[in-house]
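Source file coords21.pdb; content: PDB, C-alpha atoms and all ligand atoms.
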```pdb
MODEL        1
ATOM      1  CA  MET Q  49     118.984  86.034  93.694
ATOM      2  CA  ILE Q  50     120.767  89.305  94.328
ATOM      3  CA  ARG Q  51     120.567  91.985  91.695
ATOM      4  CA  GLN Q  52     123.280  94.282  93.004
ATOM      5  CA  PHE Q  53     124.826  94.968  96.353
ATOM      6  CA  SER Q  54     126.595  98.189  97.176
ATOM      7  CA  GLY Q  55     127.417  98.593 100.851
ATOM      8  CA  GLU Q  56     128.267 101.868 102.469
ATOM      9  CA  GLU Q  57     131.240 100.643 104.499
ATOM     10  CA  THR Q  58     134.671 101.531 103.187
ATOM     11  CA  GLY Q  59     138.149 100.003 103.563
ATOM     12  CA  THR Q  60     139.153  96.368 104.167
ATOM     13  CA  GLN Q  61     136.873  95.991 107.160
ATOM     14  CA  GLY Q  62     134.011  97.339 105.083
ATOM     15  CA  ASP Q  63     134.826  94.989 102.195
ATOM     16  CA  MET Q  64     134.811  92.002 104.522
ATOM     17  CA  GLU Q  65     131.516  93.023 106.122
ATOM     18  CA  ARG Q  66     130.029  93.600 102.709
ATOM     19  CA  LEU Q  67     131.127  90.196 101.488
ATOM     20  CA  GLN Q  68     129.778  88.423 104.555
ATOM     21  CA  ARG Q  69     126.487  90.240 104.331
ATOM     22  CA  ARG Q  70     126.241  89.456 100.660
ATOM     23  CA  GLU Q  71     126.674  85.763 101.440
ATOM     24  CA  ARG Q  72     123.965  85.899 104.102
ATOM     25  CA  LEU Q  73     121.725  87.811 101.727
ATOM     26  CA  GLU Q  74     122.219  85.273  98.944
ATOM     27  CA  HIS Q  75     121.519  82.455 101.366
ATOM     28  CA  ASN Q  76     118.373  84.151 102.713
ATOM     29  CA  LEU Q  77     116.936  85.156  99.360
ATOM     30  CA  ALA Q  78     117.482  81.700  97.863
ATOM     31  CA  ASP Q  79     114.756  80.442 100.196
ATOM     32  CA  ILE Q  80     112.195  83.093  99.256
ATOM     33  CA  GLY Q  81     109.688  82.250  96.528
ATOM     34  CA  MET Q  82     108.004  85.424  95.327
ATOM     35  CA  THR Q  83     108.733  88.928  96.567
ATOM     36  CA  ILE Q  84     105.921  91.464  96.308
ATOM     37  CA  MET Q  85     106.608  95.085  97.137
ATOM     38  CA  VAL Q  86     103.429  97.038  97.830
ATOM     39  CA  LEU Q  87     103.978 100.549  96.475
ATOM     40  CA  SER Q  88     102.006 103.748  96.168
ATOM     41  CA  GLY Q  89     102.623 107.205  94.822
ATOM     42  CA  LYS Q  90     100.871 108.929  97.713
ATOM     43  CA  GLY Q  91     100.665 108.303 101.428
ATOM     44  CA  GLY Q  92      97.536 107.139 103.216
ATOM     45  CA  VAL Q  93      96.007 105.281 100.267
ATOM     46  CA  GLY Q  94      95.864 101.931 102.107
ATOM     47  CA  LYS Q  95      99.195 100.368 101.218
ATOM     48  CA  SER Q  96      99.870  98.880 104.668
ATOM     49  CA  THR Q  97      96.270  97.675 104.883
ATOM     50  CA  ILE Q  98      96.583  95.868 101.576
ATOM     51  CA  ALA Q  99     100.058  94.484 102.372
ATOM     52  CA  ALA Q 100      98.857  93.172 105.762
ATOM     53  CA  ASN Q 101      95.651  91.680 104.383
ATOM     54  CA  LEU Q 102      97.433  90.101 101.436
ATOM     55  CA  ALA Q 103      99.987  88.512 103.781
ATOM     56  CA  LEU Q 104      97.223  87.290 106.107
ATOM     57  CA  GLY Q 105      95.222  85.928 103.168
ATOM     58  CA  LEU Q 106      98.182  84.069 101.686
ATOM     59  CA  ALA Q 107      99.027  82.616 105.111
ATOM     60  CA  ALA Q 108      95.379  81.594 105.611
ATOM     61  CA  ASN Q 109      95.655  79.677 102.337
ATOM     62  CA  GLY Q 110      98.507  77.629 103.746
ATOM     63  CA  TYR Q 111     101.477  79.491 102.259
ATOM     64  CA  ARG Q 112     104.562  80.414 104.274
ATOM     65  CA  VAL Q 113     104.644  84.177 104.271
ATOM     66  CA  GLY Q 114     107.000  86.886 105.499
ATOM     67  CA  LEU Q 115     105.651  90.400 105.966
ATOM     68  CA  LEU Q 116     108.373  93.035 106.021
ATOM     69  CA  ASP Q 117     107.445  96.560 107.078
ATOM     70  CA  MET Q 118     109.902  98.743 105.222
ATOM     71  CA  ASP Q 119     108.251 102.012 106.190
ATOM     72  CA  ILE Q 120     111.049 103.166 108.469
ATOM     73  CA  HIS Q 121     109.600 106.576 109.324
ATOM     74  CA  GLY Q 122     105.976 105.516 109.669
ATOM     75  CA  PRO Q 123     105.720 101.776 110.309
ATOM     76  CA  SER Q 124     102.094 100.623 110.549
ATOM     77  CA  ILE Q 125     102.238  96.848 110.309
ATOM     78  CA  PRO Q 126     102.797  96.091 114.043
ATOM     79  CA  ARG Q 127      99.825  98.281 114.960
ATOM     80  CA  ILE Q 128      97.560  96.836 112.247
ATOM     81  CA  LEU Q 129      98.368  93.313 113.427
ATOM     82  CA  GLY Q 130      98.330  94.206 117.145
ATOM     83  CA  ILE Q 131     101.920  93.037 117.633
ATOM     84  CA  GLN Q 132     103.354  93.868 121.044
ATOM     85  CA  GLY Q 133     106.480  91.697 121.098
ATOM     86  CA  HIS Q 134     110.045  92.634 120.246
ATOM     87  CA  SER Q 135     112.312  90.983 117.699
ATOM     88  CA  GLU Q 136     115.185  89.092 119.293
ATOM     89  CA  GLY Q 137     118.597  88.020 118.037
ATOM     90  CA  THR Q 138     119.383  84.362 117.463
ATOM     91  CA  ALA Q 139     121.314  82.475 120.147
ATOM     92  CA  GLU Q 140     124.610  82.970 118.266
ATOM     93  CA  GLY Q 141     123.743  86.643 117.899
ATOM     94  CA  HIS Q 142     124.368  86.846 114.149
ATOM     95  CA  MET Q 143     120.807  86.948 112.923
ATOM     96  CA  ILE Q 144     117.483  88.501 113.927
ATOM     97  CA  MET Q 145     114.386  86.379 114.450
ATOM     98  CA  PRO Q 146     111.188  87.691 112.837
ATOM     99  CA  LEU Q 147     108.071  87.536 114.999
ATOM    100  CA  ASP Q 148     105.775  84.565 114.482
ATOM    101  CA  TYR Q 149     102.346  86.121 114.020
ATOM    102  CA  ASN Q 150     100.813  82.734 113.287
ATOM    103  CA  PRO Q 151     102.272  79.407 112.149
ATOM    104  CA  ASN Q 152     102.406  80.600 108.514
ATOM    105  CA  LEU Q 153     103.159  84.288 108.937
ATOM    106  CA  LYS Q 154     106.419  85.894 110.103
ATOM    107  CA  VAL Q 155     106.612  89.650 110.598
ATOM    108  CA  MET Q 156     109.495  92.083 110.781
ATOM    109  CA  SER Q 157     109.388  95.838 111.286
ATOM    110  CA  ILE Q 158     111.813  98.442 112.529
ATOM    111  CA  GLU Q 159     109.234  99.192 115.221
ATOM    112  CA  THR Q 160     109.525  95.732 116.748
ATOM    113  CA  MET Q 161     113.245  96.415 117.257
ATOM    114  CA  LEU Q 162     112.761  99.669 119.139
ATOM    115  CA  ARG Q 163     112.388  99.921 122.897
ATOM    116  CA  ASP Q 164     110.229 103.043 122.620
ATOM    117  CA  ARG Q 165     107.754 102.507 119.813
ATOM    118  CA  ASP Q 166     106.789 106.164 119.679
ATOM    119  CA  ALA Q 167     110.378 107.313 119.169
ATOM    120  CA  SER Q 168     111.062 108.841 115.753
ATOM    121  CA  LEU Q 169     113.911 107.608 113.580
ATOM    122  CA  ILE Q 170     115.874 110.526 112.197
ATOM    123  CA  TRP Q 171     117.880 108.754 109.549
ATOM    124  CA  ARG Q 172     119.386 109.910 106.309
ATOM    125  CA  GLY Q 173     119.534 107.792 103.145
ATOM    126  CA  PRO Q 174     122.689 105.698 103.864
ATOM    127  CA  MET Q 175     121.377 104.626 107.287
ATOM    128  CA  LYS Q 176     118.076 103.579 105.757
ATOM    129  CA  ILE Q 177     119.779 101.678 102.955
ATOM    130  CA  ARG Q 178     121.881  99.803 105.498
ATOM    131  CA  ALA Q 179     118.855  98.957 107.644
ATOM    132  CA  ILE Q 180     116.960  97.612 104.622
ATOM    133  CA  LYS Q 181     119.865  95.443 103.542
ATOM    134  CA  GLN Q 182     120.136  94.177 107.093
ATOM    135  CA  PHE Q 183     116.442  93.259 107.097
ATOM    136  CA  LEU Q 184     116.983  91.231 103.966
ATOM    137  CA  ALA Q 185     120.335  89.685 104.929
ATOM    138  CA  ASP Q 186     120.196  89.268 108.685
ATOM    139  CA  VAL Q 187     116.597  88.336 109.396
ATOM    140  CA  LEU Q 188     116.165  84.596 109.639
ATOM    141  CA  TRP Q 189     113.115  84.255 107.408
ATOM    142  CA  GLY Q 190     113.618  80.575 106.660
ATOM    143  CA  LYS Q 191     111.764  79.113 103.682
ATOM    144  CA  LEU Q 192     109.030  81.410 102.401
ATOM    145  CA  ASP Q 193     106.567  81.096  99.556
ATOM    146  CA  TYR Q 194     105.980  84.850  99.607
ATOM    147  CA  LEU Q 195     107.733  87.876 101.040
ATOM    148  CA  VAL Q 196     105.301  90.810 101.117
ATOM    149  CA  ILE Q 197     106.990  94.170 101.635
ATOM    150  CA  ASP Q 198     105.133  97.256 102.811
ATOM    151  CA  SER Q 199     107.074 100.155 101.375
ATOM    152  CA  PRO Q 200     106.748 103.838 102.306
ATOM    153  CA  PRO Q 201     104.908 106.050  99.800
ATOM    154  CA  GLY Q 202     106.819 107.409  96.835
ATOM    155  CA  THR Q 203     109.942 106.312  95.037
ATOM    156  CA  GLY Q 204     112.677 107.006  97.584
ATOM    157  CA  ASP Q 205     115.544 105.030  99.120
ATOM    158  CA  GLU Q 206     113.439 102.171 100.457
ATOM    159  CA  PRO Q 207     111.764 100.868  97.275
ATOM    160  CA  LEU Q 208     114.889 101.708  95.284
ATOM    161  CA  THR Q 209     117.117  99.625  97.577
ATOM    162  CA  ILE Q 210     114.735  96.677  97.482
ATOM    163  CA  ALA Q 211     114.336  96.813  93.715
ATOM    164  CA  GLN Q 212     118.104  96.980  93.257
ATOM    165  CA  THR Q 213     118.830  94.226  95.753
ATOM    166  CA  ILE Q 214     116.281  91.508  95.012
ATOM    167  CA  GLU Q 215     116.246  90.334  91.453
ATOM    168  CA  GLY Q 216     112.740  89.388  90.482
ATOM    169  CA  ALA Q 217     111.025  91.524  93.123
ATOM    170  CA  THR Q 218     107.594  92.468  91.798
ATOM    171  CA  ALA Q 219     105.461  95.519  92.506
ATOM    172  CA  LEU Q 220     101.829  95.805  93.464
ATOM    173  CA  ILE Q 221     100.708  99.408  93.115
ATOM    174  CA  VAL Q 222      97.952 100.875  95.276
ATOM    175  CA  THR Q 223      96.049 104.031  94.433
ATOM    176  CA  THR Q 224      92.845 105.865  95.176
ATOM    177  CA  PRO Q 225      90.608 107.000  92.290
ATOM    178  CA  GLN Q 226      91.211 110.763  92.267
ATOM    179  CA  GLU Q 227      93.601 112.496  89.858
ATOM    180  CA  LEU Q 228      95.819 113.844  92.657
ATOM    181  CA  ALA Q 229      96.713 110.288  93.675
ATOM    182  CA  LEU Q 230      96.893 109.022  90.098
ATOM    183  CA  ALA Q 231      99.452 111.645  89.133
ATOM    184  CA  ASP Q 232     101.801 110.136  91.728
ATOM    185  CA  VAL Q 233     100.930 106.616  90.685
ATOM    186  CA  ARG Q 234     102.200 107.384  87.207
ATOM    187  CA  LYS Q 235     105.542 108.196  88.835
ATOM    188  CA  ALA Q 236     105.477 104.876  90.683
ATOM    189  CA  ILE Q 237     104.802 103.075  87.379
ATOM    190  CA  ASP Q 238     107.662 104.955  85.740
ATOM    191  CA  PHE Q 239     109.910 104.011  88.682
ATOM    192  CA  CYS Q 240     109.142 100.314  88.126
ATOM    193  CA  HIS Q 241     109.750 100.609  84.386
ATOM    194  CA  ARG Q 242     113.098 102.273  84.901
ATOM    195  CA  LEU Q 243     114.206  99.621  87.364
ATOM    196  CA  ASP Q 244     112.886  96.770  85.233
ATOM    197  CA  MET Q 245     110.658  95.690  88.096
ATOM    198  CA  PRO Q 246     107.631  93.715  86.896
ATOM    199  CA  ILE Q 247     104.304  95.183  87.982
ATOM    200  CA  LEU Q 248     101.751  92.629  89.127
ATOM    201  CA  GLY Q 249      98.960  95.150  88.755
ATOM    202  CA  LEU Q 250      97.154  98.157  90.135
ATOM    203  CA  VAL Q 251      94.672  98.048  93.022
ATOM    204  CA  GLU Q 252      92.259 100.871  93.753
ATOM    205  CA  ASN Q 253      91.367 101.478  97.389
ATOM    206  CA  PHE Q 254      88.620 103.718  98.790
ATOM    207  CA  SER Q 255      86.707 103.161  95.541
ATOM    208  CA  SER Q 256      83.339 103.840  97.123
ATOM    209  CA  GLN Q 257      81.516 104.055 100.402
ATOM    210  CA  ILE Q 258      78.142 102.509 101.050
ATOM    211  CA  CYS Q 259      75.564 105.091 102.150
ATOM    212  CA  PRO Q 260      74.249 104.012 105.560
ATOM    213  CA  HIS Q 261      70.793 105.401 104.667
ATOM    214  CA  CYS Q 262      70.071 104.201 101.136
ATOM    215  CA  GLY Q 263      72.679 101.432 100.807
ATOM    216  CA  LYS Q 264      73.950 102.801  97.476
ATOM    217  CA  PRO Q 265      77.688 103.281  96.824
ATOM    218  CA  ILE Q 266      79.001 106.860  97.061
ATOM    219  CA  LYS Q 267      82.091 107.590  94.969
ATOM    220  CA  VAL Q 268      83.825 109.870  97.484
ATOM    221  CA  PHE Q 269      87.108 110.147  95.573
ATOM    222  CA  GLY Q 270      85.687 110.036  92.043
ATOM    223  CA  GLN Q 271      85.198 107.068  89.807
ATOM    224  CA  GLY Q 272      87.208 104.670  87.711
ATOM    225  CA  GLY Q 273      90.610 106.412  87.895
ATOM    226  CA  GLY Q 274      92.494 103.239  88.813
ATOM    227  CA  LYS Q 275      90.951 101.193  86.024
ATOM    228  CA  ILE Q 276      91.624 103.901  83.422
ATOM    229  CA  THR Q 277      95.254 104.273  84.541
ATOM    230  CA  ALA Q 278      95.797 100.504  84.494
ATOM    231  CA  LYS Q 279      94.411 100.326  80.947
ATOM    232  CA  ARG Q 280      96.505 103.236  79.783
ATOM    233  CA  TYR Q 281      99.737 101.617  80.994
ATOM    234  CA  GLY Q 282      98.847  98.070  79.985
ATOM    235  CA  LEU Q 283      98.677  96.903  83.587
ATOM    236  CA  ARG Q 284      96.293  94.453  85.135
ATOM    237  CA  PHE Q 285      93.586  96.032  87.216
ATOM    238  CA  LEU Q 286      93.407  93.972  90.386
ATOM    239  CA  GLY Q 287      90.219  95.312  91.884
ATOM    240  CA  GLU Q 288      88.309  98.084  93.615
ATOM    241  CA  ILE Q 289      88.351  97.976  97.390
ATOM    242  CA  PRO Q 290      85.486  99.928  98.943
ATOM    243  CA  TRP Q 291      85.606 101.841 102.186
ATOM    244  CA  ASP Q 292      84.792  99.457 105.031
ATOM    245  CA  ASP Q 293      84.243 100.812 108.551
ATOM    246  CA  ARG Q 294      84.911  97.373 109.988
ATOM    247  CA  LEU Q 295      88.374  97.295 108.412
ATOM    248  CA  LEU Q 296      89.283 100.653 109.927
ATOM    249  CA  ALA Q 297      87.995  99.656 113.377
ATOM    250  CA  ALA Q 298      89.756  96.277 113.224
ATOM    251  CA  GLU Q 299      93.077  97.881 112.320
ATOM    252  CA  ASP Q 300      92.721 100.530 115.025
ATOM    253  CA  ALA Q 301      92.136  97.729 117.524
ATOM    254  CA  GLY Q 302      95.051  95.674 116.160
ATOM    255  CA  LEU Q 303      92.672  92.808 115.454
ATOM    256  CA  PRO Q 304      92.721  92.283 111.682
ATOM    257  CA  MET Q 305      89.689  90.784 109.971
ATOM    258  CA  GLU Q 306      89.631  87.523 108.097
ATOM    259  CA  ALA Q 307      88.665  87.979 104.464
ATOM    260  CA  GLU Q 308      87.867  84.306 103.981
ATOM    261  CA  ASN Q 309      84.093  83.681 104.044
ATOM    262  CA  ASP Q 310      83.238  87.360 104.586
ATOM    263  CA  GLU Q 311      80.989  88.643 101.825
ATOM    264  CA  LYS Q 312      80.715  92.252 102.964
ATOM    265  CA  GLY Q 313      82.500  95.569 102.396
ATOM    266  CA  ALA Q 314      86.181  95.356 101.459
ATOM    267  CA  MET Q 315      86.544  91.642 102.122
ATOM    268  CA  PRO Q 316      85.490  90.108  98.756
ATOM    269  CA  ALA Q 317      87.912  92.411  96.874
ATOM    270  CA  LEU Q 318      90.766  91.627  99.292
ATOM    271  CA  HIS Q 319      89.990  87.929  99.003
ATOM    272  CA  ALA Q 320      89.985  88.118  95.183
ATOM    273  CA  LEU Q 321      93.339  89.929  95.250
ATOM    274  CA  THR Q 322      94.864  87.153  97.368
ATOM    275  CA  GLN Q 323      93.515  84.485  95.022
ATOM    276  CA  GLN Q 324      94.976  86.287  92.010
ATOM    277  CA  ILE Q 325      98.407  86.498  93.666
ATOM    278  CA  ILE Q 326      98.236  82.782  94.459
ATOM    279  CA  LYS Q 327      97.623  82.094  90.770
ATOM    280  CA  ASP Q 328     100.536  84.391  89.870
ATOM    281  CA  ARG Q 329     102.993  82.442  91.973
ATOM    282  CA  PHE Q 330     102.663  79.467  89.733
ATOM    283  CA  LYS Q 331     103.122  81.626  86.665
ATOM    284  CA  SER Q 332     106.179  83.408  88.054
ATOM    285  CA  LYS Q 333     108.612  81.836  85.646
ATOM    286  CA  PRO Q 334     112.009  83.410  84.932
ATOM    287  CA  GLU Q 335     110.970  84.446  81.437
ATOM    288  CA  TRP Q 336     108.936  87.349  82.773
ATOM    289  CA  LEU Q 337     111.673  88.609  85.052
ATOM    290  CA  ASN Q 338     113.231  90.661  82.295
ATOM    291  CA  HIS Q 339     110.040  92.152  80.986
ATOM    292  CA  ARG Q 340     109.660  95.848  81.538
ATOM    293  CA  VAL Q 341     106.119  95.323  82.716
ATOM    294  CA  TRP Q 342     104.511  92.059  83.529
ATOM    295  CA  VAL Q 343     100.915  92.384  82.490
ATOM    296  CA  GLY Q 344      99.903  88.925  83.622
ATOM    297  CA  ILE Q 345      97.941  86.425  81.621
TER
HETATM  298  N1  LIG Q 401      89.190 100.090 102.423
HETATM  299  C1  LIG Q 401      89.305 100.712 103.605
HETATM  300  N2  LIG Q 401      88.205 100.974 104.357
HETATM  301  C2  LIG Q 401      88.313 101.634 105.537
HETATM  302  N3  LIG Q 401      89.470 102.070 106.060
HETATM  303  C3  LIG Q 401      90.591 101.818 105.360
HETATM  304  C4  LIG Q 401      90.577 101.127 104.105
HETATM  305  N4  LIG Q 401      91.859 101.051 103.645
HETATM  306  C5  LIG Q 401      92.631 101.648 104.572
HETATM  307  N5  LIG Q 401      91.879 102.109 105.603
HETATM  308  C6  LIG Q 401      92.345 102.893 106.764
HETATM  309  O1  LIG Q 401      92.926 104.086 106.236
HETATM  310  C7  LIG Q 401      94.076 104.460 107.006
HETATM  311  C8  LIG Q 401      95.306 104.527 106.088
HETATM  312  O2  LIG Q 401      95.565 103.222 105.611
HETATM  313  P1  LIG Q 401      97.055 102.648 105.531
HETATM  314  O3  LIG Q 401      97.810 102.927 106.783
HETATM  315  O4  LIG Q 401      96.930 101.232 105.103
HETATM  316  O5  LIG Q 401      97.606 103.547 104.354
HETATM  317  P2  LIG Q 401      99.122 103.691 103.834
HETATM  318  O6  LIG Q 401      99.033 103.986 102.393
HETATM  319  O7  LIG Q 401      99.918 102.500 104.219
HETATM  320  O8  LIG Q 401      99.595 104.921 104.662
HETATM  321  P3  LIG Q 401     101.115 105.479 104.818
HETATM  322  O9  LIG Q 401     101.368 106.248 103.578
HETATM  323  O10 LIG Q 401     101.035 106.328 106.027
HETATM  324  O11 LIG Q 401     102.023 104.306 104.972
HETATM  325  C9  LIG Q 401      94.199 103.428 108.110
HETATM  326  O12 LIG Q 401      93.562 103.924 109.263
HETATM  327  C10 LIG Q 401      93.414 102.214 107.589
HETATM  328  O13 LIG Q 401      92.840 101.446 108.629
ENDMDL
END
```
Could you spell out this file's structure in structure tokens?
Amino acid sequence: MIRQFSGEETGTQGDMERLQRRERLEHNLADIGMTIMVLSGKGGVGKSTIAANLALGLAANGYRVGLLDMDIHGPSIPRILGIQGHSEGTAEGHMIMPLDYNPNLKVMSIETMLRDRDASLIWRGPMKIRAIKQFLADVLWGKLDYLVIDSPPGTGDEPLTIAQTIEGATALIVTTPQELALADVRKAIDFCHRLDMPILGLVENFSSQICPHCGKPIKVFGQGGGKITAKRYGLRFLGEIPWDDRLLAAEDAGLPMEAENDEKGAMPALHALTQQIIKDRFKSKPEWLNHRVWVGI
């Protein structure tokens, strides 16, 4: 369902375009089960990693998943997933086809639409807002159980547009344990409160690193900050993801790992996160849509 739709076009032509896009948007969103926007206060905390792994995990569990890379200035999803292809228009030319990563996972990113993937996009707010609305209205997602959205860090145009466009969009907030990151996370929480966007919970990444010599965990970025922040704001704490060299290498190679049946490093925590989100889907009843914060059960 659409929460609000304010296009940037003006005049009769603009009104008509806006109306048509609104219809396509309504049609598209009606087929999407649960929308999860992965947010963070700071950059580089592992948002894209968690969005990609969550989408892969949900798809591996048999759900139909869309993964939308909304990080217009620094898209990472195509590289993490090793996607080389380009998004194409439909035969009639009205819609854009997302890329089929596997039978259950469709992916869309601004990068898959560009000829030169290393080109920078120098866009101001209105251009970005239009592109985001187009991704939601004009991409032929089909029926999805989950739409996972990788958002850029902070509380700018991208998360704002999504939160204002998709009623019932939920937020999953990623942080690292140190105070510098947590200060920004508090802003992300405030952003969700002010937009009435339910928060599924807080995930802490880079919680520890295993010492290669003694095998004990080293708390590189401090300890427990995510859990304390979650408690303070009445949010669910959805796990501590340790540093995992294999995850970094896999993403650099564009060959993501499979969390299922992997008992080492970051994988059990990523697997547990996926399982929790699967449980949430069946609890995502309209009554929690209006809550300021959804703490979960
Ligand atoms: N738990 C982890 N263990 C090891 N490496 C990780 C882990 N989480 C993320 N990384 C790596 O850290 C880097 C940053 O992660 P990622 O791109 O997911 O962060 P981000 O928050 O999306 O960044 P940006 O703000 O630029 O969008 C990547 O190289 C990724 O492979």
What gap, in Å, lies between CA of Ile266 in chain Q and CA of Gly287 in chain Q?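 Separation between CA of Ile266 in chain Q and CA of Gly287 in chain Q: 16.9 Å.
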Expanded to explicit residues, what is the PyMOL selection byres (((chain Q and resi 162) around 12) and not hetatm) for this file, as a PyMOL selection string? chain Q and resi 120+123+126+132-136+156-161+163-169
Taking 6 positions as the minimum chain separation for residues in the same chain, which residues sit within 8 Å of range 86-97 of chain Q when counting all atoms listed in the file? Answer as a list in words.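 Neighbouring residues, sequence-local ones excluded: Ser124, Ile125, Ile128, Val196, Ile197, Asp198, Ser199, Pro200, Pro201, Gly202, Thr203, Pro207, Ala219, Leu220, Ile221, Val222, Thr223, Thr224, Ala229, Leu230, Ala231, Asp232, Val233, Arg234, Lys235, Ala236, Asn253 and Phe254 of chain Q.
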Could you give me the centre and size, in Å to one decimal, of an axis-aligned box around all listed atoms of range 219-224 of chain Q with 4 Å added on every side, as lines of an AutoDock Vina configuration file?
```
center_x = 99.2
center_y = 100.7
center_z = 93.9
size_x = 20.6
size_y = 18.3
size_z = 10.8
```
Contact residues around range 74-82 of chain Q with only C-alpha atoms at 12 Å, ignoring same-chain residues under 3 positions, as a PyMOL selection string: chain Q and resi 49-53+67-71+85+106+111-115+143+181-197+210+213-219+246+248+325-334+337
Kindly give the distance, in Å, that separates CA of Thr83 in chain Q and CA of Ala211 in chain Q, rounded to a single decimal.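 A separation of 10.1 Å between them.
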How many Å separate CA of Ala179 in chain Q from CA of Arg72 in chain Q?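 We find that CA of Ala179 in chain Q and CA of Arg72 in chain Q lie 14.5 Å from each other.
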With the file shown as input, list the residues that the PyMOL selection byres (((chain Q and resi 317) around 12) and not hetatm) selects, as a PDB file with C-alpha atoms, in the frame of the given file.
```pdb
ATOM      1  CA  ILE Q  98      96.583  95.868 101.576  1.00  0.00           C
ATOM      2  CA  ASN Q 101      95.651  91.680 104.383  1.00  0.00           C
ATOM      3  CA  LEU Q 102      97.433  90.101 101.436  1.00  0.00           C
ATOM      4  CA  GLY Q 105      95.222  85.928 103.168  1.00  0.00           C
ATOM      5  CA  VAL Q 251      94.672  98.048  93.022  1.00  0.00           C
ATOM      6  CA  GLU Q 252      92.259 100.871  93.753  1.00  0.00           C
ATOM      7  CA  ASN Q 253      91.367 101.478  97.389  1.00  0.00           C
ATOM      8  CA  PHE Q 254      88.620 103.718  98.790  1.00  0.00           C
ATOM      9  CA  SER Q 255      86.707 103.161  95.541  1.00  0.00           C
ATOM     10  CA  PHE Q 285      93.586  96.032  87.216  1.00  0.00           C
ATOM     11  CA  LEU Q 286      93.407  93.972  90.386  1.00  0.00           C
ATOM     12  CA  GLY Q 287      90.219  95.312  91.884  1.00  0.00           C
ATOM     13  CA  GLU Q 288      88.309  98.084  93.615  1.00  0.00           C
ATOM     14  CA  ILE Q 289      88.351  97.976  97.390  1.00  0.00           C
ATOM     15  CA  PRO Q 290      85.486  99.928  98.943  1.00  0.00           C
ATOM     16  CA  TRP Q 291      85.606 101.841 102.186  1.00  0.00           C
ATOM     17  CA  ASP Q 292      84.792  99.457 105.031  1.00  0.00           C
ATOM     18  CA  ALA Q 307      88.665  87.979 104.464  1.00  0.00           C
ATOM     19  CA  GLU Q 308      87.867  84.306 103.981  1.00  0.00           C
ATOM     20  CA  ASN Q 309      84.093  83.681 104.044  1.00  0.00           C
ATOM     21  CA  ASP Q 310      83.238  87.360 104.586  1.00  0.00           C
ATOM     22  CA  GLU Q 311      80.989  88.643 101.825  1.00  0.00           C
ATOM     23  CA  LYS Q 312      80.715  92.252 102.964  1.00  0.00           C
ATOM     24  CA  GLY Q 313      82.500  95.569 102.396  1.00  0.00           C
ATOM     25  CA  ALA Q 314      86.181  95.356 101.459  1.00  0.00           C
ATOM     26  CA  MET Q 315      86.544  91.642 102.122  1.00  0.00           C
ATOM     27  CA  PRO Q 316      85.490  90.108  98.756  1.00  0.00           C
ATOM     28  CA  LEU Q 318      90.766  91.627  99.292  1.00  0.00           C
ATOM     29  CA  HIS Q 319      89.990  87.929  99.003  1.00  0.00           C
ATOM     30  CA  ALA Q 320      89.985  88.118  95.183  1.00  0.00           C
ATOM     31  CA  LEU Q 321      93.339  89.929  95.250  1.00  0.00           C
ATOM     32  CA  THR Q 322      94.864  87.153  97.368  1.00  0.00           C
ATOM     33  CA  GLN Q 323      93.515  84.485  95.022  1.00  0.00           C
ATOM     34  CA  GLN Q 324      94.976  86.287  92.010  1.00  0.00           C
TER      35      GLN Q 324
END
```
Rank Q:Leu303, Q:Asp293, Q:Asp238, Q:Gly270 by their smallest atom-to-atom distance to ligand LIG 401 (chain Q), using all atoms listed in the file, and report the top residue only. Q:Asp293
Residues within 9 Å of Glu299 in chain Q, all atoms listed in the file, excluding chain neighbours under 3 positions, as JSON, numbers by chain: {"Q": [97, 127, 128, 129, 130, 294, 295, 296, 302, 303, 304, 305]}
Pick out the closest residue to ligand LIG 401 (chain Q) from this set: Q:Ile258, Q:Gly274, Q:Tyr149, Q:Glu227. Count all atoms listed in the file. Q:Ile258
Could you rebuild range 121-128 of chain Q with N, CA and C atoms and give it back as an mmCIF file, in the frame of the given file?
```cif
data_model
loop_
_atom_site.group_PDB
_atom_site.id
_atom_site.type_symbol
_atom_site.label_atom_id
_atom_site.label_comp_id
_atom_site.auth_asym_id
_atom_site.auth_seq_id
_atom_site.Cartn_x
_atom_site.Cartn_y
_atom_site.Cartn_z
ATOM 1 N N HIS Q 121 110.043 105.379 108.602
ATOM 2 C CA HIS Q 121 109.600 106.576 109.324
ATOM 3 C C HIS Q 121 108.161 106.499 109.811
ATOM 4 N N GLY Q 122 107.378 105.612 109.229
ATOM 5 C CA GLY Q 122 105.976 105.516 109.669
ATOM 6 C C GLY Q 122 105.484 104.087 109.617
ATOM 7 N N PRO Q 123 106.129 103.182 110.390
ATOM 8 C CA PRO Q 123 105.720 101.776 110.309
ATOM 9 C C PRO Q 123 104.306 101.559 110.855
ATOM 10 N N SER Q 124 103.479 100.843 110.114
ATOM 11 C CA SER Q 124 102.094 100.623 110.549
ATOM 12 C C SER Q 124 101.786 99.157 110.820
ATOM 13 N N ILE Q 125 102.584 98.272 110.248
ATOM 14 C CA ILE Q 125 102.238 96.848 110.309
ATOM 15 C C ILE Q 125 102.070 96.327 111.756
ATOM 16 N N PRO Q 126 102.997 96.632 112.692
ATOM 17 C CA PRO Q 126 102.797 96.091 114.043
ATOM 18 C C PRO Q 126 101.478 96.552 114.660
ATOM 19 N N ARG Q 127 101.085 97.786 114.383
ATOM 20 C CA ARG Q 127 99.825 98.281 114.960
ATOM 21 C C ARG Q 127 98.622 97.610 114.292
ATOM 22 N N ILE Q 128 98.682 97.472 112.964
ATOM 23 C CA ILE Q 128 97.560 96.836 112.247
ATOM 24 C C ILE Q 128 97.359 95.400 112.748
#
```
